[in-house]
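S.K.: Sharing final_15.cif, mmCIF, C-alpha atoms:
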data_upload
loop_
_atom_site.label_atom_id
_atom_site.label_comp_id
_atom_site.auth_asym_id
_atom_site.auth_seq_id
_atom_site.Cartn_x
_atom_site.Cartn_y
_atom_site.Cartn_z
CA MET A 719 0.00 0.00 0.00
CA ASN A 720 1.09 3.54 -0.65
CA ASN A 721 1.73 5.65 2.41
CA ARG A 722 1.86 9.40 1.80
CA THR A 723 1.46 12.23 4.28
CA MET A 724 -0.79 15.15 3.42
CA ASP A 725 1.07 18.39 2.91
CA ARG A 726 -1.96 20.60 3.31
CA LEU A 727 -4.20 21.69 6.15
CA THR A 728 -6.93 19.41 7.29
CA PRO A 729 -10.42 20.68 6.50
CA PHE A 730 -11.55 20.16 10.08
CA GLY A 731 -10.94 22.32 13.12
CA ASN A 732 -9.04 21.57 16.29
CA ASP A 733 -12.08 20.43 18.22
CA PRO A 734 -12.42 16.63 17.91
CA PHE A 735 -16.20 17.01 18.17
CA ASP A 736 -16.14 18.93 14.85
CA LYS A 737 -14.78 15.86 13.00
CA PRO A 738 -16.93 12.97 11.76
CA PRO A 739 -16.70 9.87 13.99
CA CYS A 740 -14.61 6.84 13.10
CA ARG A 741 -16.44 4.58 10.66
CA GLY A 742 -15.33 1.46 12.55
CA CYS A 743 -15.78 2.17 16.28
CA SER A 744 -17.77 5.49 16.08
CA SER A 745 -15.30 7.17 18.44
CA TYR A 746 -14.25 10.79 17.97
CA LEU A 747 -11.17 11.10 15.78
CA THR A 748 -7.91 12.54 17.03
CA GLU A 749 -4.93 13.27 14.86
CA PRO A 750 -3.36 11.45 13.24
CA TYR A 751 -6.17 9.41 11.62
CA ILE A 752 -6.66 7.64 8.28
CA LYS A 753 -8.76 8.74 5.28
CA CYS A 754 -9.46 6.36 2.38
CA ALA A 755 -8.25 7.89 -0.90
CA GLU A 756 -10.51 5.75 -3.13
CA CYS A 757 -13.91 5.84 -1.43
CA GLY A 758 -16.17 8.80 -2.04
CA PRO A 759 -17.91 11.17 -2.24
CA SER A 760 -18.60 10.57 1.46
CA PRO A 761 -15.13 10.08 3.04
CA VAL A 762 -14.31 6.96 5.01
CA LEU A 763 -12.37 8.02 8.12
CA LEU A 764 -10.78 5.52 10.50
CA CYS A 765 -8.88 5.78 13.74
CA LEU A 766 -5.45 4.10 13.94
CA GLN A 767 -6.80 1.10 15.91
CA CYS A 768 -9.50 0.27 13.33
CA PHE A 769 -7.01 0.82 10.49
CA THR A 770 -4.51 -1.65 11.99
CA ARG A 771 -7.27 -4.28 12.36
CA GLY A 772 -8.06 -3.95 8.62
CA PHE A 773 -11.63 -2.66 9.06
CA GLU A 774 -13.80 -2.98 5.90
CA TYR A 775 -17.20 -1.35 5.31
CA LYS A 776 -19.45 -1.76 2.23
CA LYS A 777 -17.25 -0.77 -0.75
CA HIS A 778 -14.28 0.12 1.41
CA GLN A 779 -11.55 -2.54 1.40
CA SER A 780 -8.47 -2.85 3.57
CA ASP A 781 -6.13 -2.70 0.57
CA HIS A 782 -7.35 0.72 -0.64
CA LYS A 783 -4.95 3.61 -0.90
CA TYR A 784 -5.08 5.92 2.12
CA GLU A 785 -3.94 9.29 3.45
CA ILE A 786 -2.67 10.12 6.93
CA MET A 787 -4.61 13.15 8.13
CA THR A 788 -2.48 15.32 10.40
CA SER A 789 -1.62 18.96 10.83
CA ASP A 790 1.50 18.41 12.88
CA PHE A 791 3.96 19.94 10.38
CA PRO A 792 5.37 23.46 9.92
CA VAL A 793 3.85 25.84 7.35
CA LEU A 794 5.33 29.33 7.67
CA GLU A 795 8.26 28.84 10.04
CA PRO A 796 9.77 26.06 12.23
CA GLY A 797 8.28 25.74 15.69
CA TRP A 798 4.76 26.58 14.52
CA SER A 799 2.73 23.62 13.29
CA ALA A 800 -0.22 23.93 10.94
CA GLN A 801 -2.56 23.16 13.82
CA GLU A 802 -1.09 26.04 15.84
CA GLU A 803 -1.40 28.37 12.81
CA MET A 804 -5.12 27.62 12.59
CA ALA A 805 -5.52 28.01 16.35
CA LEU A 806 -3.80 31.43 16.18
CA LEU A 807 -6.08 32.68 13.40
CA GLU A 808 -9.17 31.46 15.25
CA ALA A 809 -8.02 33.07 18.50
CA VAL A 810 -7.39 36.44 16.78
CA MET A 811 -10.83 36.21 15.20
CA ASP A 812 -12.47 35.44 18.55
CA CYS A 813 -10.53 37.83 20.80
CA GLY A 814 -9.79 40.63 18.36
CA PHE A 815 -6.56 41.97 16.87
CA GLY A 816 -4.19 43.36 19.52
CA ASN A 817 -5.69 41.46 22.43
CA TRP A 818 -2.63 39.18 22.64
CA GLN A 819 -3.08 38.25 26.29
CA ASP A 820 -6.43 36.55 25.59
CA VAL A 821 -5.08 35.11 22.33
CA ALA A 822 -2.23 33.41 24.17
CA TYR A 823 -4.60 32.18 26.89
CA GLN A 824 -6.87 30.59 24.25
CA MET A 825 -3.92 28.97 22.41
CA ARG A 826 -2.26 27.68 25.66
CA THR A 827 0.90 26.54 23.78
CA LYS A 828 2.44 29.96 23.02
CA SER A 829 3.18 33.07 25.05
CA LYS A 830 1.78 36.55 24.45
CA GLU A 831 5.01 37.80 22.81
CA GLU A 832 5.29 34.72 20.56
CA CYS A 833 1.75 35.14 19.31
CA GLU A 834 2.20 38.85 18.58
CA ASN A 835 5.59 38.50 16.85
CA HIS A 836 4.49 35.54 14.74
CA TYR A 837 1.23 37.18 13.64
CA MET A 838 2.84 40.53 12.81
CA LYS A 839 5.72 38.87 10.93
CA ASN A 840 3.76 36.38 8.84
CA PHE A 841 0.31 37.92 8.42
CA ILE A 842 0.80 41.70 8.60
CA ASN A 843 4.34 42.48 7.46
CA ASN A 844 4.75 39.53 5.11
CA PRO A 845 6.05 40.81 1.71
CA LEU A 846 4.14 38.04 -0.07
CA PHE A 847 0.82 39.23 1.34
CA SER A 848 1.72 42.90 0.79
CA SER A 849 2.57 42.36 -2.89
CA THR A 850 -0.61 40.39 -3.38
CA LEU A 851 -2.76 43.13 -1.87
CA LEU A 852 -0.91 45.78 -3.92
CA SER A 853 -1.53 43.88 -7.16
CA LEU A 854 -5.21 43.44 -6.29
CA ARG A 855 -5.51 47.16 -5.57
CA LYS A 856 -3.85 48.06 -8.89
CA THR A 857 -6.18 45.70 -10.74
CA LYS A 858 -9.20 47.24 -9.04
CA ASP A 859 -8.03 50.78 -9.78
CA SER A 860 -7.52 49.96 -13.45
CA HIS A 861 -11.21 49.14 -13.79
CA TYR A 862 -12.26 52.60 -12.60
CA ALA A 863 -9.47 54.69 -14.08
CA ASP A 864 -11.63 56.02 -16.91
CA GLY A 865 -13.75 58.43 -14.89
CA ALA A 866 -14.31 59.74 -11.39
CA ILE A 867 -16.85 58.02 -9.18
CA PRO A 868 -19.62 60.45 -8.11
CA PHE A 869 -20.00 60.62 -4.35
CA LYS A 870 -22.40 62.47 -2.14
CA PRO A 871 -22.92 62.14 1.61
CA THR A 872 -26.00 60.26 2.72
CA ASP A 873 -28.03 60.52 5.88
CA ASP A 874 -27.68 57.89 8.56
CA PRO A 875 -30.38 55.26 7.92
CA PRO A 876 -33.26 55.31 10.42
CA ARG A 877 -33.12 52.72 13.17
CA PRO A 878 -36.69 52.36 14.47
CA THR A 879 -37.15 50.65 17.78
CA PHE A 880 -39.18 47.47 18.02
CA ASP A 881 -42.99 47.95 18.00
CA SER A 882 -42.68 51.71 17.34
CA VAL A 883 -44.96 53.60 14.95
CA LEU A 884 -42.14 53.99 12.41
CA SER A 885 -41.33 50.28 12.63
CA ARG A 886 -44.96 49.37 11.96
CA ASP A 887 -45.17 51.81 9.05
CA MET A 888 -42.07 50.22 7.52
CA ALA A 889 -43.41 46.67 8.05
CA GLY A 890 -40.51 45.78 10.35
CA TYR A 891 -37.89 46.76 7.77
CA MET A 892 -34.45 47.70 9.18
CA PRO A 893 -32.66 50.03 6.71
CA ALA A 894 -29.30 49.73 8.47
CA ARG A 895 -29.30 45.98 7.81
CA ALA A 896 -31.35 46.06 4.57
CA ASP A 897 -33.48 43.25 5.95
CA PHE A 898 -36.75 42.62 7.77
CA MET A 899 -37.09 42.00 11.48
CA GLU A 900 -39.44 39.09 10.78
CA GLU A 901 -39.21 37.22 7.49
CA PHE A 902 -42.05 35.79 5.46
CA ASP A 903 -42.58 32.17 6.57
CA ASN A 904 -40.31 32.98 9.49
CA TYR A 905 -40.12 29.42 10.85
CA ALA A 906 -39.32 27.63 7.59
CA GLU A 907 -35.94 26.50 8.96
CA TRP A 908 -37.55 24.57 11.83
CA ASP A 909 -38.52 21.69 9.52
CA LEU A 910 -34.90 21.37 8.40
CA LYS A 911 -32.94 21.69 11.62
CA ASP A 912 -33.17 18.03 12.67
CA ILE A 913 -32.37 16.47 9.28
CA ASP A 914 -29.04 14.63 9.06
CA PHE A 915 -27.80 12.71 6.02
CA VAL A 916 -25.90 9.52 6.86
CA ASP A 917 -24.74 6.63 4.70
CA ASP A 918 -26.97 4.13 6.53
CA ASP A 919 -30.17 5.81 5.29
CA SER A 920 -32.45 3.74 3.10
CA ASP A 921 -33.38 4.97 -0.35
CA ILE A 922 -36.89 5.94 0.76
CA LEU A 923 -35.64 7.84 3.82
CA ARG A 924 -33.03 9.65 1.75
CA ALA A 925 -35.65 10.57 -0.86
CA LEU A 926 -37.91 11.93 1.89
CA LYS A 927 -35.08 14.04 3.29
CA LEU A 928 -34.27 15.39 -0.17
CA ALA A 929 -37.97 16.24 -0.65
CA VAL A 930 -37.95 18.22 2.61
CA VAL A 931 -34.86 20.12 1.42
CA ASP A 932 -36.57 20.87 -1.92
CA ILE A 933 -39.63 22.17 -0.09
CA TYR A 934 -37.40 24.38 2.04
CA HIS A 935 -35.71 25.76 -1.10
CA SER A 936 -39.12 26.58 -2.61
CA ARG A 937 -40.09 28.43 0.58
CA LEU A 938 -36.84 30.39 0.43
CA LYS A 939 -37.54 31.31 -3.20
CA GLU A 940 -41.01 32.55 -2.23
CA ARG A 941 -39.47 34.62 0.57
CA GLN A 942 -36.97 36.19 -1.83
CA ARG A 943 -39.69 36.83 -4.41
CA ARG A 944 -41.85 38.72 -1.93
CA LYS A 945 -38.89 40.78 -0.68
CA LYS A 946 -37.97 41.64 -4.26
CA ILE A 947 -41.52 42.83 -5.03
CA ILE A 948 -41.60 44.98 -1.88
CA ARG A 949 -38.18 46.48 -2.63
CA ASP A 950 -38.71 47.05 -6.37
CA HIS A 951 -42.17 48.60 -6.03
CA GLY A 952 -41.27 50.76 -3.02
CA LEU A 953 -43.86 49.21 -0.70
CA ILE A 954 -41.78 49.39 2.48
CA ASN A 955 -43.27 52.71 3.61
CA LEU A 956 -46.95 51.91 3.07
CA ARG A 957 -48.23 55.29 4.29
CA LYS A 958 -46.11 57.16 1.75
CA PHE A 959 -47.30 54.78 -0.95
CA GLN A 960 -50.95 55.44 -0.05
CA MET A 961 -50.36 59.20 -0.18
CA LEU A 962 -49.05 58.83 -3.72
CA GLU A 963 -52.17 56.88 -4.67
CA ARG A 964 -54.44 59.69 -3.46
CA CYS A 965 -52.92 62.02 -6.06
CA TYR A 966 -54.94 60.21 -8.74
CA PRO A 967 -58.65 60.85 -9.44
CA LYS A 968 -61.27 58.52 -8.03
CA GLU A 969 -61.60 56.42 -11.20
CA VAL A 970 -57.82 55.95 -11.45
CA GLN A 971 -57.63 55.02 -7.74
CA GLU A 972 -60.20 52.27 -8.31
CA LEU A 973 -58.15 51.03 -11.26
CA TYR A 974 -55.03 51.16 -9.10
CA ASP A 975 -56.72 48.97 -6.48
CA ALA A 976 -57.88 46.49 -9.11
CA MET A 977 -54.50 46.25 -10.88
CA ARG A 978 -52.35 46.05 -7.74
CA ARG A 979 -52.47 42.25 -7.78
CA PHE A 980 -50.78 42.24 -11.21
CA ALA A 981 -47.80 44.30 -9.98
CA ARG A 982 -45.97 41.09 -9.06
CA VAL A 983 -46.15 39.95 -12.70
CA THR A 984 -44.84 43.14 -14.29
CA GLY A 985 -41.88 45.19 -13.20
CA PRO A 986 -42.23 48.44 -11.24
CA THR A 987 -41.52 50.64 -14.28
CA GLU A 988 -44.00 48.81 -16.50
CA HIS A 989 -46.67 48.89 -13.79
CA ASP A 990 -46.25 52.63 -13.19
CA LYS A 991 -46.37 53.30 -16.93
CA PHE A 992 -49.59 51.29 -17.16
CA ILE A 993 -51.24 53.32 -14.39
CA GLU A 994 -49.96 56.62 -15.76
CA SER A 995 -51.27 55.78 -19.22
CA HIS A 996 -54.73 55.10 -17.81
CA ALA A 997 -54.60 58.34 -15.81
CA LEU A 998 -53.77 60.16 -19.05
CA GLU A 999 -56.64 58.36 -20.76
CA PHE A 1000 -58.98 59.52 -17.99
CA ASP A 1001 -57.86 63.13 -18.42
CA LEU A 1002 -58.32 62.91 -22.19
CA ARG A 1003 -61.82 61.48 -21.83
CA LYS A 1004 -62.68 64.25 -19.36
CA GLU A 1005 -61.41 66.88 -21.78
CA ILE A 1006 -63.36 65.27 -24.64
CA ARG A 1007 -66.58 65.38 -22.58
CA ARG A 1008 -65.96 69.05 -21.82
CA LEU A 1009 -65.46 69.83 -25.53
CA GLN A 1010 -68.59 67.84 -26.38
CA GLU A 1011 -70.49 69.93 -23.82
CA TYR A 1012 -69.24 73.10 -25.52
CA ARG A 1013 -70.26 71.81 -28.94
CA LYS A 1014 -73.69 70.78 -27.64
CA ALA A 1015 -74.14 74.32 -26.26
CA GLY A 1016 -73.25 75.76 -29.69
CA ILE A 1017 -69.83 77.11 -28.65
CA LYS A 1018 -67.22 77.06 -31.43
CA SER A 1019 -64.35 79.11 -29.94
CA PHE A 1020 -62.33 79.07 -26.72
CA CYS A 1021 -63.35 82.66 -25.99
CA GLY A 1022 -66.97 81.55 -25.99
CA ALA A 1023 -65.97 78.61 -23.77
CA LYS A 1024 -64.53 81.00 -21.17
CA VAL A 1025 -67.76 82.99 -21.13
CA TYR A 1026 -69.75 79.76 -20.88
CA GLU A 1027 -67.71 78.56 -17.87
CA ARG A 1028 -68.09 81.92 -16.10
CA VAL A 1029 -71.85 81.95 -16.64
CA LYS A 1030 -72.06 78.32 -15.54
CA ARG A 1031 -70.29 79.11 -12.25
CA MET A 1032 -72.65 82.04 -11.69
CA ARG A 1033 -75.64 79.76 -12.33
CA GLU A 1034 -74.29 77.23 -9.81
CA ASP A 1035 -73.80 79.96 -7.21
CA GLU A 1036 -77.38 81.16 -7.73
CA ARG A 1037 -78.70 77.62 -7.36
CA ARG A 1038 -76.68 77.21 -4.16
CA LYS A 1039 -78.05 80.46 -2.78
CA ARG A 1040 -81.61 79.33 -3.50
CA THR A 1041 -80.90 76.12 -1.62
CA MET A 1042 -79.55 78.11 1.31
CA LEU A 1043 -82.66 80.31 1.23
CA CYS A 1044 -84.88 77.24 1.44
CA ASP A 1045 -82.91 76.12 4.47
CA VAL A 1046 -83.31 79.52 6.10
CA LEU A 1047 -87.05 79.48 5.46
CA GLN A 1048 -87.18 76.02 6.99
CA TYR A 1049 -85.90 77.41 10.32
CA ILE A 1050 -87.31 80.93 10.08
CA GLN A 1051 -90.05 80.21 12.58
CA ASP A 1052 -87.51 79.00 15.17
CA GLY A 1053 -85.14 81.84 16.06
CA ARG A 1054 -82.64 79.73 17.95
CA ALA A 1055 -82.38 77.05 15.27
CA CYS A 1056 -82.02 79.72 12.57
CA GLN A 1057 -79.24 81.44 14.53
CA GLN A 1058 -77.32 78.12 14.93
CA TRP A 1059 -77.61 77.43 11.21
CA LEU A 1060 -76.40 80.92 10.24
CA SER A 1061 -73.40 80.63 12.60
CA LYS A 1062 -72.50 77.31 11.09
CA GLN A 1063 -72.66 78.66 7.51
CA ALA A 1064 -70.55 81.66 8.49
CA ALA A 1065 -67.87 79.36 9.91
CA ILE A 1066 -67.91 77.31 6.69
CA ASP A 1067 -67.53 80.43 4.52
CA ALA A 1068 -64.61 81.58 6.68
CA GLY A 1069 -62.82 78.26 6.16
CA VAL A 1070 -63.17 77.19 9.79
CA THR A 1071 -64.48 73.78 10.80
CA PRO A 1072 -67.81 74.48 12.49
CA PRO A 1073 -68.53 72.96 15.88
CA VAL A 1074 -70.86 69.98 15.92
CA THR A 1075 -74.20 71.34 17.06
CA THR A 1076 -77.69 69.91 17.04
CA ILE A 1077 -80.50 72.06 15.72
CA THR A 1078 -83.05 72.54 18.50
CA VAL A 1079 -86.66 71.73 17.88
CA SER A 1080 -89.25 74.32 18.82
CA ALA A 1081 -92.48 73.57 20.55
CA THR A 1082 -94.50 74.66 17.50
CA GLY A 1083 -93.48 71.69 15.39
CA ARG A 1084 -90.72 69.31 14.47
CA ARG A 1085 -87.95 70.69 12.26
CA SER A 1086 -85.34 68.56 10.43
CA ALA A 1087 -81.63 69.21 10.91
CA PRO A 1088 -79.71 71.15 8.23
CA PRO A 1089 -77.78 69.24 5.55
CA LEU A 1090 -74.52 67.68 6.63
CA ASN A 1091 -71.37 69.51 5.59
CA LEU A 1092 -69.10 67.01 3.79
CA THR A 1093 -66.08 69.30 3.58
CA GLY A 1094 -62.95 67.41 4.61
CA LEU A 1095 -64.74 64.16 5.51
CA PRO A 1096 -62.91 60.97 4.43
CA GLY A 1097 -64.38 59.29 1.37
CA THR A 1098 -66.09 62.41 -0.02
CA GLU A 1099 -63.92 62.32 -3.15
CA LYS A 1100 -65.26 58.82 -3.95
CA LEU A 1101 -68.89 60.05 -4.23
CA ASN A 1102 -70.63 61.51 -7.25
CA GLU A 1103 -72.83 64.59 -6.99
CA ARG A 1104 -76.08 62.66 -6.41
CA GLU A 1105 -74.47 60.54 -3.68
CA LYS A 1106 -73.10 63.67 -2.01
CA GLU A 1107 -76.57 65.19 -2.03
CA LEU A 1108 -78.02 62.02 -0.50
CA CYS A 1109 -75.39 61.99 2.30
CA GLN A 1110 -76.09 65.67 3.03
CA VAL A 1111 -79.86 65.15 3.26
CA VAL A 1112 -79.69 61.89 5.21
CA ARG A 1113 -76.81 63.30 7.33
CA LEU A 1114 -74.64 60.24 6.77
CA VAL A 1115 -70.84 60.39 6.60
CA PRO A 1116 -69.40 59.18 3.26
CA GLY A 1117 -67.39 56.34 4.78
CA ALA A 1118 -70.47 54.78 6.39
CA TYR A 1119 -72.51 55.28 3.21
CA LEU A 1120 -69.90 53.49 1.09
CA GLU A 1121 -69.83 50.61 3.58
CA TYR A 1122 -73.65 50.29 3.58
CA LYS A 1123 -73.76 50.55 -0.21
CA GLN A 1124 -71.20 47.77 -0.66
CA ALA A 1125 -73.09 45.53 1.80
CA LEU A 1126 -76.39 46.05 -0.08
CA LEU A 1127 -74.73 45.45 -3.46
CA ASN A 1128 -73.17 42.20 -2.26
CA GLU A 1129 -76.45 40.96 -0.77
CA CYS A 1130 -78.38 41.89 -3.94
CA ARG A 1131 -75.81 40.10 -6.09
CA ARG A 1132 -76.00 37.03 -3.87
CA GLN A 1133 -79.81 36.89 -3.65
CA GLY A 1134 -80.54 38.07 -7.21
CA GLY A 1135 -82.58 40.95 -5.78
CA LEU A 1136 -83.19 42.86 -2.56
CA ARG A 1137 -86.28 43.82 -0.58
CA LEU A 1138 -86.54 46.74 1.82
CA ALA A 1139 -87.00 44.43 4.78
CA GLN A 1140 -83.76 42.64 3.91
CA ALA A 1141 -81.95 45.97 3.63
CA ARG A 1142 -83.22 47.06 7.06
CA ALA A 1143 -82.09 43.75 8.56
CA LEU A 1144 -78.68 44.12 6.95
CA ILE A 1145 -77.77 47.66 8.06
CA LYS A 1146 -78.76 48.58 11.60
CA ILE A 1147 -79.45 52.32 11.34
CA ASP A 1148 -82.56 54.50 11.37
CA VAL A 1149 -85.29 52.88 9.25
CA ASN A 1150 -86.03 56.17 7.45
CA LYS A 1151 -82.37 56.54 6.43
CA THR A 1152 -82.35 52.93 5.25
CA ARG A 1153 -85.46 53.59 3.16
CA LYS A 1154 -83.86 56.63 1.49
CA ILE A 1155 -80.63 54.73 0.74
CA TYR A 1156 -82.61 51.76 -0.61
CA ASP A 1157 -84.78 53.97 -2.85
CA PHE A 1158 -81.73 55.88 -4.09
CA LEU A 1159 -79.80 52.73 -5.05
CA LEU A 1160 -82.96 51.32 -6.67
CA LYS A 1161 -83.42 54.51 -8.70
CA GLU A 1162 -79.77 54.56 -9.75
CA GLY A 1163 -79.99 50.97 -10.97
CA CYS A 1164 -77.36 49.69 -8.53
CA ILE A 1165 -79.71 47.12 -7.04
CA THR A 1166 -82.89 45.40 -8.19
CA LYS A 1167 -86.06 44.68 -6.26
CA ALA A 1168 -86.66 41.05 -5.37
#
Using structure tokens, write down the structure that the file contains.

M.R.:
Amino acid sequence: MNNRTMDRLTPFGNDPFDKPPCRGCSSYLTEPYIKCAECGPSPVLLCLQCFTRGFEYKKHQSDHKYEIMTSDFPVLEPGWSAQEEMALLEAVMDCGFGNWQDVAYQMRTKSKEECENHYMKNFINNPLFSSTLLSLRKTKDSHYADGAIPFKPTDDPPRPTFDSVLSRDMAGYMPARADFMEEFDNYAEWDLKDIDFVDDDSDILRALKLAVVDIYHSRLKERQRRKKIIRDHGLINLRKFQMLERCYPKEVQELYDAMRRFARVTGPTEHDKFIESHALEFDLRKEIRRLQEYRKAGIKSFCGAKVYERVKRMREDERRKRTMLCDVLQYIQDGRACQQWLSKQAAIDAGVTPPVTTITVSATGRRSAPPLNLTGLPGTEKLNEREKELCQVVRLVPGAYLEYKQALLNECRRQGGLRLAQARALIKIDVNKTRKIYDFLLKEGCITKA
């Protein structure tokens, strides 16, 4: 048999528990030990006692070529074995450069001065390493020698604390680490932590273990895919993303909500171009309707269009004043209620949010409350003019109206029709308000009567 000693470092560390056990007696290996040079890809490692007995296992035979695995030979200078070189590098990594007292204590075979002198001589001041680093630096500089690299100072990335408002807004993203505090499918590694591949596994057991590894890889791919979508589409700061959405008109916002699910198929640039093109289409259609209105009114020049718009605004103001007059006449017999209504309208005209007041009812008769002011209420921009008028008369906030409308539409679609009694059972508000909402949706064609 050929007997040759390895002249390279062993791939295992100094700790015997880091090495695979002996194939013959299952004891922990200590150097020197024997490695079969013909068996593979899983190595056959034997202690000296099993090797001398001629241990054989499956395809491994006692007459195979072998290697003596040891690190007890000098590498850089006499007096320092390869095992001590690895121990020195590990100690410097654990204790830190310059902390030679702890390095020597961890090595136990060398003094503080020996560790420092050997490390500085062979790893810091070594001409071989210096020339190698210099050549790498020259090679790197040659790639960027054509032009200057633009540089500008950047702000320190935010470091939100756990469970803070900023951390919740950023979905647990940590900019300083460019990673999330909690990953998608955060416990995917738990199914893999107890799997160990050994040569004694049957074919079925090995196939099952490989299937578990494949499933884990698919879960990792899904995690990376979701992180890529969030990063590419700028979805980390959700509040900022929602503010950008509100810049679009109501119709474009609805399209944005409907097409959001397809953003993972297209890239961020293509998706934004798609939304922008539809926003442009909406503006063009709006402009075409305005021009058609001018043509229908007999206007053939832009000067006439300006006069038409000015007269139209005046007509709208007159109509609004007549509506206000009707409201005043409604409360004219009750001085206190009329005074509250006038104060409220004055606050609205001044741009101040009026205080919430209830119109008092006089003893002469019952008077209804004034129309609800929708200025600044959430969801107002999603209503058309007729829906705004209904919410003002019924005194219903737009958000609640949209919720009730969606509930009635879903129930009508599910039942194939809707009766007033079903609507009253579905939304628990004043029966008169429910009747007005039901009649309005019926008149608009949104629902059908059962």

S.K.: Apply the PyMOL selection byres ((chain A and resi 804-820) around 12) to the structure shown and report the selected residues as a PyMOL selection string.

M.R.: chain A and resi 727-733+789-790+792-794+798-803+821-838+840-842

S.K.: Please save C-alpha atoms of the selected residues as an mmCIF file, in the coordinates of the input.

M.R.:
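Output file result_34.cif is given in full below:
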data_model
loop_
_atom_site.group_PDB
_atom_site.id
_atom_site.type_symbol
_atom_site.label_atom_id
_atom_site.label_comp_id
_atom_site.auth_asym_id
_atom_site.auth_seq_id
_atom_site.Cartn_x
_atom_site.Cartn_y
_atom_site.Cartn_z
ATOM 1 C CA LEU A 727 -4.200 21.690 6.150
ATOM 2 C CA THR A 728 -6.930 19.410 7.290
ATOM 3 C CA PRO A 729 -10.420 20.680 6.500
ATOM 4 C CA PHE A 730 -11.550 20.160 10.080
ATOM 5 C CA GLY A 731 -10.940 22.320 13.120
ATOM 6 C CA ASN A 732 -9.040 21.570 16.290
ATOM 7 C CA ASP A 733 -12.080 20.430 18.220
ATOM 8 C CA SER A 789 -1.620 18.960 10.830
ATOM 9 C CA ASP A 790 1.500 18.410 12.880
ATOM 10 C CA PRO A 792 5.370 23.460 9.920
ATOM 11 C CA VAL A 793 3.850 25.840 7.350
ATOM 12 C CA LEU A 794 5.330 29.330 7.670
ATOM 13 C CA TRP A 798 4.760 26.580 14.520
ATOM 14 C CA SER A 799 2.730 23.620 13.290
ATOM 15 C CA ALA A 800 -0.220 23.930 10.940
ATOM 16 C CA GLN A 801 -2.560 23.160 13.820
ATOM 17 C CA GLU A 802 -1.090 26.040 15.840
ATOM 18 C CA GLU A 803 -1.400 28.370 12.810
ATOM 19 C CA VAL A 821 -5.080 35.110 22.330
ATOM 20 C CA ALA A 822 -2.230 33.410 24.170
ATOM 21 C CA TYR A 823 -4.600 32.180 26.890
ATOM 22 C CA GLN A 824 -6.870 30.590 24.250
ATOM 23 C CA MET A 825 -3.920 28.970 22.410
ATOM 24 C CA ARG A 826 -2.260 27.680 25.660
ATOM 25 C CA THR A 827 0.900 26.540 23.780
ATOM 26 C CA LYS A 828 2.440 29.960 23.020
ATOM 27 C CA SER A 829 3.180 33.070 25.050
ATOM 28 C CA LYS A 830 1.780 36.550 24.450
ATOM 29 C CA GLU A 831 5.010 37.800 22.810
ATOM 30 C CA GLU A 832 5.290 34.720 20.560
ATOM 31 C CA CYS A 833 1.750 35.140 19.310
ATOM 32 C CA GLU A 834 2.200 38.850 18.580
ATOM 33 C CA ASN A 835 5.590 38.500 16.850
ATOM 34 C CA HIS A 836 4.490 35.540 14.740
ATOM 35 C CA TYR A 837 1.230 37.180 13.640
ATOM 36 C CA MET A 838 2.840 40.530 12.810
ATOM 37 C CA ASN A 840 3.760 36.380 8.840
ATOM 38 C CA PHE A 841 0.310 37.920 8.420
ATOM 39 C CA ILE A 842 0.800 41.700 8.600
#

S.K.: Mind giving me the straight-line distance from CA of Glu988 (chain A) to CA of Gly890 (chain A) in Å, one decimal?

M.R.: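 Atom-to-atom, CA of Glu988 (chain A) to CA of Gly890 (chain A), that is 27.2 Å.
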
S.K.: Report, in Å with one decimal, the straight-line distance from CA of Cys768 (chain A) to CA of Cys740 (chain A).

M.R.: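 So the answer is 8.3 Å.
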
S.K.: Got a sec to resolve the PyMOL selection byres ((chain A and resi 1122) around 12) on this structure and send the residues as a PyMOL selection string?

M.R.: chain A and resi 1109+1114-1121+1123-1129+1141-1147+1151-1152+1155-1156+1159

S.K.: Between A:Arg1037, A:His935, A:Arg964, A:Arg943, which is the closest to Lys1100 (chain A) once you count only C-alpha atoms?

M.R.: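 Using only C-alpha atoms, the shortest distance to Lys1100 (chain A) belongs to A:Arg964.
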
S.K.: Neighbours of Ser780 (chain A) within 12 Å (all atoms listed in the file; same-chain residues fewer than 2 positions away dropped), as a ChimeraX atom specification?

M.R.: /A:719,752-757,762,764,768-778,782-784

S.K.: Go ahead and save the picked residues with C-alpha atoms, as a CSV table (one decimal), in the frame of the given file.

M.R.:
chain,number,residue,atom,x,y,z
A,719,MET,CA,0.0,0.0,0.0
A,752,ILE,CA,-6.7,7.6,8.3
A,753,LYS,CA,-8.8,8.7,5.3
A,754,CYS,CA,-9.5,6.4,2.4
A,755,ALA,CA,-8.2,7.9,-0.9
A,756,GLU,CA,-10.5,5.8,-3.1
A,757,CYS,CA,-13.9,5.8,-1.4
A,762,VAL,CA,-14.3,7.0,5.0
A,764,LEU,CA,-10.8,5.5,10.5
A,768,CYS,CA,-9.5,0.3,13.3
A,769,PHE,CA,-7.0,0.8,10.5
A,770,THR,CA,-4.5,-1.6,12.0
A,771,ARG,CA,-7.3,-4.3,12.4
A,772,GLY,CA,-8.1,-4.0,8.6
A,773,PHE,CA,-11.6,-2.7,9.1
A,774,GLU,CA,-13.8,-3.0,5.9
A,775,TYR,CA,-17.2,-1.4,5.3
A,776,LYS,CA,-19.4,-1.8,2.2
A,777,LYS,CA,-17.2,-0.8,-0.8
A,778,HIS,CA,-14.3,0.1,1.4
A,782,HIS,CA,-7.4,0.7,-0.6
A,783,LYS,CA,-5.0,3.6,-0.9
A,784,TYR,CA,-5.1,5.9,2.1
